[in-house]
$ cat work-v8.txt   # compact mmCIF, C-alpha atoms and all ligand atoms
# COMPACT_ATOMS: atom_id res chain seq x y z
CA MET A 12 -71.77 66.55 157.70
CA ASP A 13 -73.85 69.12 155.87
CA LYS A 14 -77.20 69.21 157.69
CA LYS A 15 -79.01 70.22 154.54
CA LEU A 16 -78.37 66.93 152.73
CA LYS A 17 -81.42 64.98 151.68
CA SER A 18 -81.72 61.25 151.22
CA GLY A 19 -84.51 58.80 150.57
CA MET A 20 -85.89 55.96 148.54
CA VAL A 21 -88.13 56.00 145.48
CA ALA A 22 -89.87 52.98 143.97
CA ILE A 23 -90.46 52.85 140.21
CA ILE A 24 -93.51 50.69 139.60
CA GLY A 25 -95.86 49.97 136.70
CA ARG A 26 -96.92 47.34 134.22
CA PRO A 27 -94.33 45.53 132.07
CA ASN A 28 -92.64 47.34 129.18
CA VAL A 29 -93.55 50.94 130.11
CA GLY A 30 -89.89 51.99 130.50
CA LYS A 31 -89.10 51.66 134.23
CA SER A 32 -85.62 50.24 133.72
CA THR A 33 -84.92 52.69 130.90
CA LEU A 34 -85.76 55.51 133.31
CA LEU A 35 -83.43 54.17 135.98
CA ASN A 36 -80.55 53.86 133.51
CA SER A 37 -81.26 57.34 132.20
CA ILE A 38 -81.22 58.85 135.71
CA LEU A 39 -77.93 57.15 136.54
CA GLY A 40 -76.34 57.70 133.13
CA GLU A 41 -75.27 54.06 133.31
CA LYS A 42 -76.80 50.75 132.45
CA VAL A 43 -77.61 49.00 135.72
CA SER A 44 -80.91 47.44 134.69
CA ILE A 45 -81.45 45.43 131.53
CA VAL A 46 -83.92 46.73 128.95
CA SER A 47 -85.75 45.06 126.09
CA ASP A 48 -88.99 45.43 124.19
CA VAL A 49 -90.22 42.11 125.59
CA PRO A 50 -92.56 42.55 128.60
CA GLN A 51 -91.32 41.17 131.93
CA THR A 52 -87.68 41.87 131.27
CA THR A 53 -86.88 42.85 134.85
CA ARG A 54 -87.18 39.98 137.31
CA HIS A 55 -85.37 41.29 140.38
CA GLN A 56 -85.65 44.47 142.34
CA ILE A 57 -82.61 46.50 141.46
CA ARG A 58 -81.47 49.49 143.46
CA GLY A 59 -79.88 52.30 141.54
CA ILE A 60 -78.23 55.02 143.58
CA TYR A 61 -78.15 58.65 142.47
CA THR A 62 -75.91 61.05 144.40
CA ASP A 63 -75.15 64.73 143.84
CA GLU A 64 -74.56 67.82 145.99
CA ARG A 65 -78.21 67.81 147.09
CA GLY A 66 -77.93 64.32 148.63
CA GLN A 67 -78.87 60.81 147.57
CA ILE A 68 -81.89 59.11 146.06
CA VAL A 69 -82.06 55.33 146.01
CA PHE A 70 -84.29 54.20 143.18
CA ILE A 71 -85.85 50.75 143.23
CA ASP A 72 -86.55 49.39 139.76
CA THR A 73 -89.19 46.69 140.08
CA PRO A 74 -90.51 43.87 137.88
CA GLY A 75 -93.57 44.90 135.85
CA ILE A 76 -96.88 44.30 137.60
CA HIS A 77 -98.62 41.53 135.77
CA ALA A 78 -101.58 39.36 136.62
CA GLY A 79 -99.93 36.02 135.79
CA LYS A 80 -100.59 32.80 137.62
CA ASP A 81 -97.34 30.96 138.26
CA LYS A 82 -95.09 31.41 141.29
CA LEU A 83 -92.65 33.68 139.50
CA ASP A 84 -95.44 36.05 138.32
CA LYS A 85 -97.00 36.22 141.78
CA TYR A 86 -93.65 36.76 143.43
CA MET A 87 -92.80 39.60 141.07
CA SER A 88 -96.11 41.47 141.41
CA ARG A 89 -96.11 41.10 145.16
CA ALA A 90 -92.55 42.25 145.51
CA SER A 91 -93.21 45.27 143.28
CA LEU A 92 -96.30 46.46 145.13
CA GLY A 93 -94.70 45.62 148.49
CA SER A 94 -91.85 48.02 147.75
CA ILE A 95 -94.32 50.92 148.10
CA ASP A 96 -94.39 50.59 151.87
CA SER A 97 -90.70 51.16 152.42
CA VAL A 98 -90.09 54.23 150.28
CA ASP A 99 -90.45 58.02 150.54
CA ALA A 100 -92.08 58.50 147.12
CA VAL A 101 -93.38 56.42 144.25
CA ILE A 102 -93.04 56.87 140.51
CA HIS A 103 -95.91 55.14 138.77
CA MET A 104 -94.64 54.73 135.22
CA VAL A 105 -97.22 54.46 132.47
CA ASP A 106 -96.90 54.31 128.71
CA ALA A 107 -98.82 57.40 127.59
CA SER A 108 -98.77 56.17 123.99
CA GLU A 109 -100.95 53.21 124.99
CA LYS A 110 -104.41 52.92 126.48
CA THR A 111 -104.88 52.28 130.19
CA GLY A 112 -105.59 48.74 131.35
CA LEU A 113 -106.46 46.59 134.32
CA GLU A 114 -102.89 46.77 135.63
CA GLU A 115 -103.17 50.57 136.02
CA GLN A 116 -106.49 50.27 137.85
CA HIS A 117 -104.93 47.75 140.18
CA VAL A 118 -101.85 49.87 140.87
CA ILE A 119 -103.86 53.07 141.35
CA SER A 120 -106.24 51.52 143.86
CA ARG A 121 -103.22 50.33 145.84
CA LEU A 122 -101.42 53.69 145.57
CA ASN A 123 -104.56 55.51 146.65
CA LYS A 124 -104.19 53.95 150.09
CA CYS A 125 -100.49 54.59 150.60
CA ALA A 126 -100.37 58.29 151.55
CA LYS A 127 -97.00 58.93 149.90
CA PRO A 128 -96.00 61.48 147.28
CA ILE A 129 -96.79 59.97 143.88
CA ILE A 130 -95.36 60.95 140.54
CA VAL A 131 -97.20 59.64 137.52
CA GLY A 132 -94.45 59.26 134.92
CA LEU A 133 -96.28 59.71 131.61
CA ASN A 134 -93.60 58.03 129.55
CA LYS A 135 -92.87 57.70 125.82
CA ILE A 136 -94.14 61.19 124.98
CA ASP A 137 -91.65 61.10 122.11
CA ILE A 138 -93.93 58.69 120.23
CA THR A 139 -97.48 60.00 120.30
CA LYS A 140 -97.09 63.15 122.36
CA GLY A 141 -98.96 61.53 125.21
CA LYS A 142 -102.12 60.77 123.28
CA PHE A 143 -103.70 58.83 126.15
CA VAL A 144 -102.82 61.15 129.04
CA PRO A 145 -106.51 62.11 129.61
CA GLU A 146 -107.33 58.43 130.19
CA TYR A 147 -104.75 58.18 132.97
CA ILE A 148 -106.11 61.35 134.58
CA LYS A 149 -109.60 59.94 134.43
CA LEU A 150 -108.57 56.75 136.26
CA TRP A 151 -107.40 58.81 139.24
CA GLU A 152 -110.45 61.09 139.14
CA ASP A 153 -112.74 58.05 139.15
CA VAL A 154 -110.98 56.51 142.15
CA ARG A 155 -111.02 59.72 144.20
CA GLY A 156 -114.15 61.46 142.93
CA VAL A 157 -112.43 64.87 142.71
CA PRO A 158 -110.77 66.73 139.82
CA MET A 159 -107.03 66.26 139.30
CA GLN A 160 -106.26 69.88 140.35
CA GLU A 161 -107.33 69.00 143.90
CA MET A 162 -104.91 66.09 144.27
CA ASN A 163 -101.97 67.70 146.05
CA ASP A 164 -100.02 64.51 146.63
CA LEU A 165 -99.93 63.72 142.92
CA VAL A 166 -97.66 65.11 140.19
CA LEU A 167 -98.39 64.33 136.54
CA PHE A 168 -95.09 64.26 134.79
CA PRO A 169 -94.54 63.83 131.01
CA LEU A 170 -91.29 62.04 130.21
CA SER A 171 -89.23 60.32 127.63
CA ALA A 172 -86.97 57.95 129.51
CA LEU A 173 -85.40 56.91 126.23
CA LYS A 174 -84.50 60.41 125.05
CA GLY A 175 -83.88 61.78 128.53
CA THR A 176 -86.61 64.43 128.20
CA ASN A 177 -87.52 65.93 131.60
CA VAL A 178 -85.33 63.49 133.54
CA LYS A 179 -83.31 66.28 135.24
CA LYS A 180 -86.53 68.03 136.23
CA LEU A 181 -87.83 64.76 137.66
CA ILE A 182 -84.80 64.45 139.93
CA GLU A 183 -85.37 68.03 141.07
CA ILE A 184 -88.98 67.32 142.02
CA LEU A 185 -87.97 64.15 143.84
CA PHE A 186 -85.33 65.92 145.92
CA GLU A 187 -88.04 68.37 147.03
CA LYS A 188 -89.99 65.40 148.36
CA MET A 189 -87.12 63.61 150.10
CA PRO A 190 -86.53 63.93 153.85
CA PHE A 191 -83.33 65.47 155.26
CA GLY A 192 -80.78 62.86 156.21
CA PRO A 193 -77.31 61.41 155.66
CA LEU A 194 -76.31 59.39 152.59
CA LEU A 195 -77.56 55.79 152.72
CA TYR A 196 -74.79 54.38 150.50
CA PRO A 197 -71.20 55.46 149.79
CA GLU A 198 -71.00 58.50 147.54
CA ASP A 199 -69.70 56.53 144.55
CA ALA A 200 -72.11 53.56 144.77
CA ILE A 201 -74.31 53.06 141.71
CA THR A 202 -76.15 49.83 142.45
CA ASP A 203 -76.48 47.13 145.09
CA PHE A 204 -77.37 44.46 142.54
CA PRO A 205 -75.09 41.46 143.17
CA LYS A 206 -72.54 40.93 140.41
CA ARG A 207 -73.55 37.34 139.75
CA MET A 208 -77.16 38.33 139.14
CA ALA A 209 -76.07 41.26 137.01
CA MET A 210 -73.98 38.84 134.94
CA ALA A 211 -76.86 36.44 134.43
CA ASP A 212 -79.15 39.33 133.53
CA LEU A 213 -76.79 40.63 130.86
CA ILE A 214 -76.79 37.23 129.16
CA ARG A 215 -80.58 37.04 129.42
CA GLU A 216 -80.86 40.47 127.82
CA LYS A 217 -78.88 39.38 124.76
CA LEU A 218 -81.07 36.30 124.36
CA PHE A 219 -84.23 38.41 124.66
CA LEU A 220 -82.97 40.83 122.05
CA LEU A 221 -81.99 38.08 119.62
CA MET A 222 -85.05 35.90 119.98
CA ARG A 223 -87.79 38.51 120.40
CA GLU A 224 -91.14 36.90 121.11
CA GLU A 225 -90.16 33.31 120.38
CA ILE A 226 -89.76 31.93 123.90
CA PRO A 227 -88.22 34.48 126.22
CA HIS A 228 -90.58 33.98 129.17
CA SER A 229 -89.50 30.45 129.66
CA ILE A 230 -85.83 31.35 129.71
CA ALA A 231 -83.64 31.78 132.75
CA VAL A 232 -79.89 32.13 133.13
CA ILE A 233 -77.87 30.83 136.06
CA ILE A 234 -74.17 31.52 136.55
CA GLU A 235 -72.78 28.16 137.54
CA GLY A 236 -69.20 29.12 138.03
CA VAL A 237 -66.64 31.90 137.75
CA GLN A 238 -62.97 30.95 137.78
CA PRO A 239 -59.79 32.66 136.75
CA LYS A 240 -58.56 30.85 133.69
CA ARG A 241 -54.86 30.95 132.98
CA GLY A 242 -53.66 34.42 133.92
CA LYS A 243 -56.17 37.19 134.03
CA VAL A 244 -59.02 35.75 131.96
CA LEU A 245 -62.19 34.96 133.93
CA HIS A 246 -63.89 31.75 132.90
CA ILE A 247 -67.65 32.14 133.30
CA ARG A 248 -69.90 29.13 132.93
CA ALA A 249 -73.57 29.97 132.50
CA ALA A 250 -76.56 27.69 132.06
CA ILE A 251 -79.53 28.80 130.02
CA LEU A 252 -82.68 27.06 131.26
CA VAL A 253 -85.62 26.41 129.00
CA GLU A 254 -88.80 24.53 129.86
CA ARG A 255 -88.89 21.93 127.09
CA GLU A 256 -86.34 19.88 125.14
CA SER A 257 -87.87 21.26 121.93
CA GLN A 258 -86.99 24.82 122.97
CA LYS A 259 -83.31 24.02 123.18
CA GLU A 260 -82.80 24.27 119.47
CA ILE A 261 -84.54 27.65 119.29
CA VAL A 262 -82.04 29.04 121.77
CA ILE A 263 -79.10 27.38 120.07
CA GLY A 264 -80.21 28.59 116.61
CA LYS A 265 -79.23 27.26 113.20
CA ALA A 266 -75.69 25.90 113.44
CA GLY A 267 -75.44 27.46 116.87
CA ALA A 268 -75.92 30.97 115.47
CA ILE A 269 -78.05 32.48 118.25
CA LEU A 270 -76.03 31.06 121.08
CA LYS A 271 -72.84 32.19 119.42
CA GLN A 272 -74.01 35.74 118.82
CA ALA A 273 -75.51 36.06 122.32
CA GLY A 274 -72.23 34.80 123.72
CA THR A 275 -70.15 37.30 121.76
CA GLU A 276 -72.38 40.24 122.72
CA ALA A 277 -72.69 39.20 126.36
CA ARG A 278 -68.94 38.70 126.67
CA LYS A 279 -68.31 42.33 125.67
CA ASP A 280 -70.74 43.63 128.32
CA LEU A 281 -69.38 41.24 130.93
CA GLU A 282 -65.85 42.43 130.28
CA GLU A 283 -67.02 45.97 130.90
CA LEU A 284 -68.94 45.02 134.05
CA LEU A 285 -66.12 42.96 135.51
CA GLU A 286 -63.25 45.04 134.13
CA SER A 287 -61.49 41.88 133.03
CA LYS A 288 -61.02 39.68 130.00
CA VAL A 289 -63.73 37.02 129.95
CA PHE A 290 -64.10 33.58 128.47
CA LEU A 291 -67.81 32.79 128.39
CA GLU A 292 -69.11 29.25 128.21
CA LEU A 293 -72.85 29.01 127.55
CA PHE A 294 -74.88 25.84 127.52
CA VAL A 295 -78.60 25.11 127.32
CA LYS A 296 -80.51 22.84 129.70
CA ALA A 297 -84.15 21.79 129.69
CA SER A 298 -85.68 21.96 133.16
CA SER A 299 -89.39 21.39 132.85
CA ASN A 300 -90.68 23.55 135.65
CA TRP A 301 -88.05 26.00 136.80
CA ARG A 302 -90.76 28.68 137.15
CA GLU A 303 -92.34 26.61 139.91
CA ASP A 304 -89.18 25.19 141.44
CA TYR A 305 -88.08 27.01 144.62
CA ALA A 306 -84.56 25.60 144.56
CA THR A 307 -83.91 26.83 141.03
CA LEU A 308 -85.54 30.18 141.70
CA GLU A 309 -83.40 30.60 144.80
CA ASP A 310 -80.29 29.80 142.79
CA MET A 311 -81.30 32.71 140.60
CA GLY A 312 -81.37 35.06 143.56
CA PHE A 313 -85.08 35.20 144.42
CA VAL A 314 -85.70 35.22 148.16
CA PHE A 315 -88.79 33.37 149.26
CA SER A 316 -88.58 33.69 153.01
CA ASP A 317 -91.62 35.98 153.16
CA LEU A 318 -93.95 33.73 151.18
N1 LIG B 1 -90.11 55.51 122.35
C1 LIG B 1 -89.78 55.26 123.61
N2 LIG B 1 -89.48 54.00 123.98
C2 LIG B 1 -89.15 53.78 125.28
C3 LIG B 1 -89.12 54.83 126.24
N3 LIG B 1 -88.78 54.30 127.42
C4 LIG B 1 -88.58 52.97 127.22
N4 LIG B 1 -88.80 52.66 125.92
C5 LIG B 1 -88.71 51.32 125.29
O1 LIG B 1 -89.69 50.48 125.87
C6 LIG B 1 -89.20 49.13 125.98
C7 LIG B 1 -89.32 48.65 127.40
O2 LIG B 1 -88.43 49.34 128.24
P1 LIG B 1 -87.98 48.79 129.66
O3 LIG B 1 -87.22 49.89 130.32
O4 LIG B 1 -87.34 47.45 129.54
O5 LIG B 1 -89.42 48.62 130.36
P2 LIG B 1 -89.77 48.09 131.83
O6 LIG B 1 -90.94 48.90 132.30
O7 LIG B 1 -88.56 48.11 132.68
O8 LIG B 1 -90.26 46.62 131.51
P3 LIG B 1 -90.28 45.30 132.48
O9 LIG B 1 -88.92 45.18 133.08
O10 LIG B 1 -90.60 44.23 131.52
O11 LIG B 1 -91.36 45.55 133.50
C8 LIG B 1 -87.76 49.15 125.46
O12 LIG B 1 -87.76 48.75 124.12
C9 LIG B 1 -87.37 50.63 125.60
O13 LIG B 1 -86.38 51.03 124.68
C10 LIG B 1 -89.44 56.17 125.80
O14 LIG B 1 -89.43 57.15 126.54
N5 LIG B 1 -89.77 56.31 124.47
MG MG B 2 -87.60 46.57 133.62
$ encode --input "work-v8.txt" --output "structure tokens" --more "lines below"
Ligand SMILES: Nc1nc2c(ncn2[C@@H]2O[C@H](COP(=O)(O)OP(=O)(O)OP(=O)(O)O)[C@@H](O)[C@H]2O)c(=O)[nH]1
Ligand SMILES: [Mg+2]
Amino acid sequence: MDKKLKSGMVAIIGRPNVGKSTLLNSILGEKVSIVSDVPQTTRHQIRGIYTDERGQIVFIDTPGIHAGKDKLDKYMSRASLGSIDSVDAVIHMVDASEKTGLEEQHVISRLNKCAKPIIVGLNKIDITKGKFVPEYIKLWEDVRGVPMQEMNDLVLFPLSALKGTNVKKLIEILFEKMPFGPLLYPEDAITDFPKRMAMADLIREKLFLLMREEIPHSIAVIIEGVQPKRGKVLHIRAAILVERESQKEIVIGKAGAILKQAGTEARKDLEELLESKVFLELFVKASSNWREDYATLEDMGFVFSDL
């Protein structure tokens, strides 16, 4: 093996909707993490694996850090911040077209104690040319009491994850910070996200995109079964969970329009993911407190053993 290979792990953290998953997809040149303009789109930690002749970087895309109160919110914030301890560098993504908030203060005070290389990804510079960058600098200067130029462990990095601006340069900087070591995953691996969860997430993405702000937070998707159906067509049965009976009709839409369109769009993506023809059966169930129910959350792939 080439002794000069580098390999390591990088966590991408930050508040909801700043572009963490978009960045991961842009780095990999493939969609491994779902993206929407609704905050709290990502619910699981997803590893995306980047390999080239320099070595391998395993990126961990995390759920947005959010100060919500139910079990799912707490689980997600804890898991995201917890990922800092097991990585070689952290990308703190912020939306430089928006003002700073409590979430950034919270993340920065945690990062300040972690003694790891930190890259502040000043994202969405394509919109307002990073109008609020000085505010993000000030947050760090306030926490440390020294000017930014004296913070050697910190790189401020303007980005557009959506347009791909500076993404190559970001990978270059990260490789500089990675330790020497063998590849952690096979050379051609892209993600470790289990297929079943990826399938459920693709369906959830279509629903988010179609319904916008109507009720997405109270939606979950569970794959209840995958069976070959006559010949090579996979029959996928997926349940869409909502919290109240009254929300069922919003998901179904007028004359079934939303469910039908989500199904058609999800089927196309599923066929690509699974490299097979797919028959997708979607149905909607009301389950009053799935966000608090361990059994349901575990069915969805959340692991609660450390709680
Ligand atoms: N203009 C612009 N929009 C972006 C950029 N990066 C991401 N977006 C958009 O911002 C929205 C949120 O992107 P996501 O990648 O889902 O954000 P996230 O940080 O993963 O969000 P959560 O998973 O909810 O924590 C989507 O509509 C993206 O298209 C960017 O560089 N420029
Ligand atoms: Mg995300």
$ residues_near_ligand --input "work-v8.txt" --ligand "ligand MG 2 (chain B)" --cutoff "10 Å" --atoms "all atoms listed in the file" --output "PyMOL selection string"
chain A and resi 23-35+44-57+72-75
$ closest_residue --input "work-v8.txt" --among "A:Pro197, A:Gly112, A:Gly66, A:Pro169" --to "ligand LIG 1 (chain B)" --atoms "only C-alpha atoms and all ligand atoms"
A:Pro169
$ residues_around --input "work-v8.txt" --residues "region 207-213 of chain A" --least-positions-apart "5" --cutoff "7 Å" --atoms "all atoms listed in the file" --output "count of residues only"
7
$ residues_around --input "work-v8.txt" --residues "Met189 (chain A)" --least-positions-apart "4" --cutoff "7 Å" --atoms "only C-alpha atoms" --output "list in words"
Lys17, Ser18, Gly19, Asp99 and Leu185 of chain A
$ closest_residue --input "work-v8.txt" --among "A:Pro190, A:Pro128, A:Gly141, A:Gly93" --to "ligand LIG 1 (chain B)" --atoms "all atoms listed in the file"
A:Gly141
$ atom_distance --input "work-v8.txt" --atom1 "CA of Leu291 (chain A)" --atom2 "CA of Ile251 (chain A)"
12.5 Å
$ closest_residue --input "work-v8.txt" --among "A:Asn123, A:His77, A:Ile38, A:Val21" --to "Lys179 (chain A)" --atoms "only C-alpha atoms"
A:Ile38
$ residues_around --input "work-v8.txt" --residues "Gly175 (chain A)" --least-positions-apart "2" --cutoff "12 Å" --atoms "all atoms listed in the file" --output "PyMOL selection string"
chain A and resi 30+33-40+134-137+169-173+177-182
$ closest_residue --input "work-v8.txt" --among "A:Ala250, A:Val43, A:Val118, A:Ile68" --to "Ser88 (chain A)" --atoms "all atoms listed in the file"
A:Val118
$ closest_residue --input "work-v8.txt" --among "A:Lys271, A:Lys82, A:Lys188, A:Arg223" --to "ligand LIG 1 (chain B)" --atoms "all atoms listed in the file"
A:Arg223
$ atom_distance --input "work-v8.txt" --atom1 "CA of Ser91 (chain A)" --atom2 "CA of Ile119 (chain A)"
13.3 Å
$ atom_distance --input "work-v8.txt" --atom1 "CA of Leu92 (chain A)" --atom2 "CA of Leu122 (chain A)"
8.9 Å
$ closest_residue --input "work-v8.txt" --among "A:Ile230, A:Leu218, A:Ala107, A:Leu308" --to "Gln272 (chain A)" --atoms "all atoms listed in the file"
A:Leu218
$ residues_around --input "work-v8.txt" --residues "Leu293 (chain A)" --least-positions-apart "5" --cutoff "7 Å" --atoms "all atoms listed in the file" --output "PDB file with C-alpha atoms, in the frame of the given file"
ATOM      1  CA  ARG A 248     -69.900  29.130 132.930  1.00  0.00           C
ATOM      2  CA  ALA A 249     -73.570  29.970 132.500  1.00  0.00           C
ATOM      3  CA  ALA A 250     -76.560  27.690 132.060  1.00  0.00           C
ATOM      4  CA  GLY A 274     -72.230  34.800 123.720  1.00  0.00           C
TER       5      GLY A 274
END
$ residues_around --input "work-v8.txt" --residues "Gly59 (chain A)" --least-positions-apart "2" --cutoff "7 Å" --atoms "all atoms listed in the file" --output "list in words"
Leu35, Ile57, Tyr61, Val69, Phe70, Ile71, Ile201 and Thr202 of chain A
$ residues_near_point --input "work-v8.txt" --point "(-103.4, 59.5, 140.9)" --cutoff "10 Å" --atoms "all atoms listed in the file" --output "ChimeraX atom specification"
/A:103,118-120,122-123,128-131,147-155,159,162-167
$ write_last_selection --input "work-v8.txt" --atoms "C-alpha atoms" --output "PDB file, keeping the file's coordinate frame"
ATOM      1  CA  HIS A 103     -95.910  55.140 138.770  1.00  0.00           C
ATOM      2  CA  VAL A 118    -101.850  49.870 140.870  1.00  0.00           C
ATOM      3  CA  ILE A 119    -103.860  53.070 141.350  1.00  0.00           C
ATOM      4  CA  SER A 120    -106.240  51.520 143.860  1.00  0.00           C
ATOM      5  CA  LEU A 122    -101.420  53.690 145.570  1.00  0.00           C
ATOM      6  CA  ASN A 123    -104.560  55.510 146.650  1.00  0.00           C
ATOM      7  CA  PRO A 128     -96.000  61.480 147.280  1.00  0.00           C
ATOM      8  CA  ILE A 129     -96.790  59.970 143.880  1.00  0.00           C
ATOM      9  CA  ILE A 130     -95.360  60.950 140.540  1.00  0.00           C
ATOM     10  CA  VAL A 131     -97.200  59.640 137.520  1.00  0.00           C
ATOM     11  CA  TYR A 147    -104.750  58.180 132.970  1.00  0.00           C
ATOM     12  CA  ILE A 148    -106.110  61.350 134.580  1.00  0.00           C
ATOM     13  CA  LYS A 149    -109.600  59.940 134.430  1.00  0.00           C
ATOM     14  CA  LEU A 150    -108.570  56.750 136.260  1.00  0.00           C
ATOM     15  CA  TRP A 151    -107.400  58.810 139.240  1.00  0.00           C
ATOM     16  CA  GLU A 152    -110.450  61.090 139.140  1.00  0.00           C
ATOM     17  CA  ASP A 153    -112.740  58.050 139.150  1.00  0.00           C
ATOM     18  CA  VAL A 154    -110.980  56.510 142.150  1.00  0.00           C
ATOM     19  CA  ARG A 155    -111.020  59.720 144.200  1.00  0.00           C
ATOM     20  CA  MET A 159    -107.030  66.260 139.300  1.00  0.00           C
ATOM     21  CA  MET A 162    -104.910  66.090 144.270  1.00  0.00           C
ATOM     22  CA  ASN A 163    -101.970  67.700 146.050  1.00  0.00           C
ATOM     23  CA  ASP A 164    -100.020  64.510 146.630  1.00  0.00           C
ATOM     24  CA  LEU A 165     -99.930  63.720 142.920  1.00  0.00           C
ATOM     25  CA  VAL A 166     -97.660  65.110 140.190  1.00  0.00           C
ATOM     26  CA  LEU A 167     -98.390  64.330 136.540  1.00  0.00           C
TER      27      LEU A 167
END
$ residues_near_point --input "work-v8.txt" --point "(-93.0, 24.2, 130.9)" --cutoff "12 Å" --atoms "all atoms listed in the file" --output "number ranges by chain"
A: 81, 226, 228-230, 252-258, 297-304
$ write_last_selection --input "work-v8.txt" --atoms "C-alpha atoms" --output "CSV table (one decimal), keeping the file's coordinate frame"
chain,number,residue,atom,x,y,z
A,81,ASP,CA,-97.3,31.0,138.3
A,226,ILE,CA,-89.8,31.9,123.9
A,228,HIS,CA,-90.6,34.0,129.2
A,229,SER,CA,-89.5,30.4,129.7
A,230,ILE,CA,-85.8,31.4,129.7
A,252,LEU,CA,-82.7,27.1,131.3
A,253,VAL,CA,-85.6,26.4,129.0
A,254,GLU,CA,-88.8,24.5,129.9
A,255,ARG,CA,-88.9,21.9,127.1
A,256,GLU,CA,-86.3,19.9,125.1
A,257,SER,CA,-87.9,21.3,121.9
A,258,GLN,CA,-87.0,24.8,123.0
A,297,ALA,CA,-84.2,21.8,129.7
A,298,SER,CA,-85.7,22.0,133.2
A,299,SER,CA,-89.4,21.4,132.8
A,300,ASN,CA,-90.7,23.6,135.6
A,301,TRP,CA,-88.0,26.0,136.8
A,302,ARG,CA,-90.8,28.7,137.2
A,303,GLU,CA,-92.3,26.6,139.9
A,304,ASP,CA,-89.2,25.2,141.4
